[in-house]
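See below for the structure under consideration.
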Amino acid sequence: MPEVKRKYVIPGELITEGNYRIITNVIKRGNKFYSTRIGLAEYGQEGVRVIPLTGPYIPKVDDLVIGKIVDYSAFAWEVDINSCFLAYLPARNVYGKSFSPRQEPLVKKFGIGDLIAAVVTAFDRTRDPILSVSSPGLGKITKGEVVKISPTKVPRLIGKKGSMIKTIESGTGCKLTIGQNGIIVLTGQPEGVIKAVKAIRLVEEEAHLADLTQKIQAMLGVKEGDG
Amino acid sequence: MGKLINDGIRVDGRRADELRPYRLEVGVLKNADGSAYIELGKNKIIVAVYGPKEVHPKHLSLPDRCIIRCRYHMSPFSTDVRKTPAPSRREIEISKVIREALEPAILVGEYPRTAIDIFLEVLQSDGGSRCAGITAASLALADAGISMYDLVAACAAGKVDGTIVLDLSDVEDKEGEADMPVAVMPNLGVITLLQLDGILTHEEFKRGLDLALEGCRRLHEAQRKALMERYFKTAPNQEVE
């Protein structure tokens with residue numbers, strides 16, 4: 001595995017000098033690389049990047065998000081996805097291409113205040129993100145406990161190849177639906193949900209520290225390899 | 001008014017190149033996206049940042065960048081005589097000055113069609129509140145996770161009793177001969193604010209600017225420490241693993 005060096009950085013801080021490829025949250029001046037965010041800088045053969053510890057959610061195509069319906073028109077729902085951009089869920093992404101506004105009012109499917117799981121199908125910053133609920137497992141969320149964390153800490157909560165999510169699920173007996181926008185829905189027995197919320201909060205607090213999966217395993221009494 | 005400097009010592013006991021005591025803290029408000037608090041001498045300023053968020057009214061949004069809105073406000077209890085809470089001419093001007101000092105540090109193109117709101121509330125005022133406000137506001141922006149080229153640190157230099165001094169207090173600002181607030185992005189070496197109220201010779205200006213930049217450097221160090229303590233609870237510049 002190529003060697004990767006890590007360093008805690010703040011905006012404007014010099015990460016390294018040399019010939020690297022920029023991945024994210026880095027600017028280059030001359031042959032010096034500076035961070036633009038607070039976070040953990042990593043540099044090595046692959047390039048230089050900063051994993052931010054705080055910040056807003058910027059949608060990406062194929063992201064699973066959990067959002068709340070805030071409004072609807074004859075053709076689309078407006079969805080709050082915990083971002084600076086309001087997302088649109090066009091009715092034809094729900095009913096199919098043959099949708100006609102004369103069929104039935106949209107409110108029959110999703111009303112204002114409903115929570116939905118959806119996937120971002122298009123977004124390029126010049127237009128608002130477009131959502132879809134056509135894949136299995138997506139659509140209205142009818143039950144569960146909602147927990148909100150910083151969107152920048154979602155990758156840590158998922159873990160490498162989903163290791164953290166598996167640990168929490170096996171340790172608590174809950175099912176986690178994690179939106180890339182930092183909204184998580186937990187379903188399961190109340191005791192399990194309480195334990196899972198505690199584990200999620202710990203991940204959020206200590207996202208920048210190493211050996212977090214082991215710590216969560218110890219906290220939930222999960223043996224290594226169970227997850 | 002008596003002399004403001006006696007045997008090289010200022011009225012508050014400082015030497016010419018000394019800053020007032022300062023304290024910086026990050027993440028003091030739970031409801032804001034980013035926040036910071038600064039004490040510089042008798043100044044006490046709290047800053048909250050909201051955003052990036054949708055722009056209302058929508059016609060104000062720009063297609064290729066975010067807009068930055070800034071409100072500097074002095075609380076009615078921040079001065080010795082009650083100040084009316086309505087925004088004064090001075091506060092509107094300082095809001096603009098602070099916005100323009102912070103804007104070059106923000107990667108505005110990363111957040112098109114959005115707005116970033118910065119609120120500065122002066123709880124207790126002393127001289128140099130705009131500089132203290134800029135220093136805290138850049139911390140609050142970083143705390144909100146907004147992409148920035150660099151932090152902005154600000155500090156004033158000026159002329160009191162014919163001597164060039166650093167970080168003027170309220171009385172030195174009012175009775176002194178010149179006041180020059182400077183804001184800078186220390187890592188990039190870019191000045192984002194330079195004002196001068198009063199008259200300085202070329203030599204005095206150069207000496208004052210050097211002194212102000214040195215003050216900014218010290219405040220930048222404190223900014224870094226405050227962020228590191230908040231996010232990593234470790235000493236700055238530490239390599240991991």
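Going by the structure tokens order, chains are called A, B, ..., each with residues numbered from 1, while ligands are numbered from 1 in the order shown.
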
(request) Would you kindly report the residues of chain B within 6 Å of chain A, using only C-alpha atoms, as JSON, numbers by chain? (result) {"B": [52, 53, 54, 144, 145, 147, 148, 149, 150, 239, 240]}

(message) Which residues are close to segment 68-70 of chain B, i.e. within 6 Å by only C-alpha atoms, leaving aside same-chain residues fewer than 3 positions away? Reply as a PyMOL selection string.
(response) chain B and resi 95+99+115-119

(message) What's around Ile199 of chain B at 10 Å? Count only C-alpha atoms, leave out sequence neighbours fewer than 5 positions away in its own chain, and write the answer as a PyMOL selection string.
(response) chain B and resi 158-159+177-180+204-205

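The spacing separating atom CA of Gln124 of chain B from atom CA of Ala16 of chain B amounts to 23.8 Å.
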
Can you list, as a short mmCIF file (atom, residue, chain, number, x, y, z; two decimals) with C-alpha atoms, in the first residue's frame, every protein, DNA or RNA residue that comes within 9 Å of Val165 of chain B when you count only C-alpha atoms, leaving out same-chain residues fewer than 4 positions away?
```
data_model
loop_
_atom_site.label_atom_id
_atom_site.label_comp_id
_atom_site.auth_asym_id
_atom_site.auth_seq_id
_atom_site.Cartn_x
_atom_site.Cartn_y
_atom_site.Cartn_z
CA ARG B 15 4.96 49.12 25.47
CA ALA B 16 4.54 50.54 21.95
CA ASP B 17 4.72 47.15 20.21
CA GLU B 18 2.49 45.22 22.60
CA ALA B 156 -4.46 48.34 14.03
CA ALA B 157 -1.34 50.47 14.33
CA GLY B 158 -1.32 54.22 14.88
CA LYS B 159 0.45 57.28 16.15
CA VAL B 160 0.09 58.46 19.74
CA GLY B 208 3.15 51.37 11.34
CA LEU B 211 4.03 46.80 13.32
CA ALA B 212 0.41 46.04 12.33
#
```

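Going from atom CA of Ala222 of chain B to atom CA of Gly51 of chain B covers 24.8 Å.
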
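Taking atom CA of Trp77 of chain A as the reference point, atom CA of Asp33 of chain B is found at 26.5 Å.
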
Residues within 10 Å of Thr142 of chain A, please, as a CSV table (one decimal) with N, CA and C atoms, in the first residue's frame. Count only C-alpha atoms; anything in the same chain fewer than 5 positions from it doesn't count.
```csv
chain,number,residue,atom,x,y,z
A,114,ASP,N,-43.6,15.0,4.9
A,114,ASP,CA,-43.2,13.6,4.7
A,114,ASP,C,-41.7,13.5,4.5
A,115,LEU,N,-41.1,12.4,5.1
A,115,LEU,CA,-39.7,12.1,5.0
A,115,LEU,C,-39.5,11.1,3.9
A,116,ILE,N,-38.5,11.4,2.9
A,116,ILE,CA,-38.3,10.4,1.9
A,116,ILE,C,-36.8,10.0,1.8
```

(message) Residues near Gln180 of chain A, anyone? I mean within 7 Å using only C-alpha atoms, not counting same-chain ones fewer than 6 positions away, as a PyMOL selection string.
(response) chain A and resi 63-65+151+154

(message) Residues within 8 Å of Val47 of chain B, please, as JSON, numbers by chain. Count only C-alpha atoms; anything in the same chain fewer than 5 positions from it doesn't count.
(response) {"B": [35, 36, 37, 118, 119, 120, 121, 133, 136, 137, 140]}

Just write the chosen residues, C-alpha atoms, as a PDB file, in the first residue's frame.
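Done, and the output landed in part21.pdb:
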```pdb
ATOM      1  CA  SER B  35     -19.329  30.902  15.508  1.00  0.00           C
ATOM      2  CA  ALA B  36     -16.475  32.512  17.387  1.00  0.00           C
ATOM      3  CA  TYR B  37     -15.864  34.806  20.332  1.00  0.00           C
ATOM      4  CA  ILE B 118     -22.073  36.986   9.014  1.00  0.00           C
ATOM      5  CA  PHE B 119     -23.384  38.599  12.199  1.00  0.00           C
ATOM      6  CA  LEU B 120     -21.019  40.443  14.521  1.00  0.00           C
ATOM      7  CA  GLU B 121     -22.425  41.518  17.858  1.00  0.00           C
ATOM      8  CA  GLY B 133     -14.478  41.548  14.594  1.00  0.00           C
ATOM      9  CA  ALA B 136     -13.276  36.475  15.008  1.00  0.00           C
ATOM     10  CA  ALA B 137     -15.409  36.434  11.833  1.00  0.00           C
ATOM     11  CA  ALA B 140     -16.440  31.632  12.503  1.00  0.00           C
TER      12      ALA B 140
END
```

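You can rank B:Leu123, B:Ile5, B:Leu193, B:Ala132 by their closest distance to Pro21 of chain B using only C-alpha atoms, and at the top of that list sits B:Ala132.
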
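Across A:Gly113, A:Gly171, A:Gly30, A:Pro101, the tightest approach to Val70 of chain A is made by A:Gly113 when counting only C-alpha atoms.
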
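Considering the residues B:Arg207, B:Arg130, B:Arg113, B:His59 and counting only C-alpha atoms, Arg90 of chain B has its shortest atom-to-atom contact with B:Arg130.
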
(request) Would you return as a ChimeraX atom specification the members of segment 107-160 of chain A that DSSP assigns to alpha helix (DSSP H) on this structure's backbone? (result) /A:154-158

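Among B:Phe77, B:Gly128, B:Leu151, B:Arg71, the residue with the shortest atom-to-atom distance to Ile106 of chain B, counting only C-alpha atoms, is B:Leu151.
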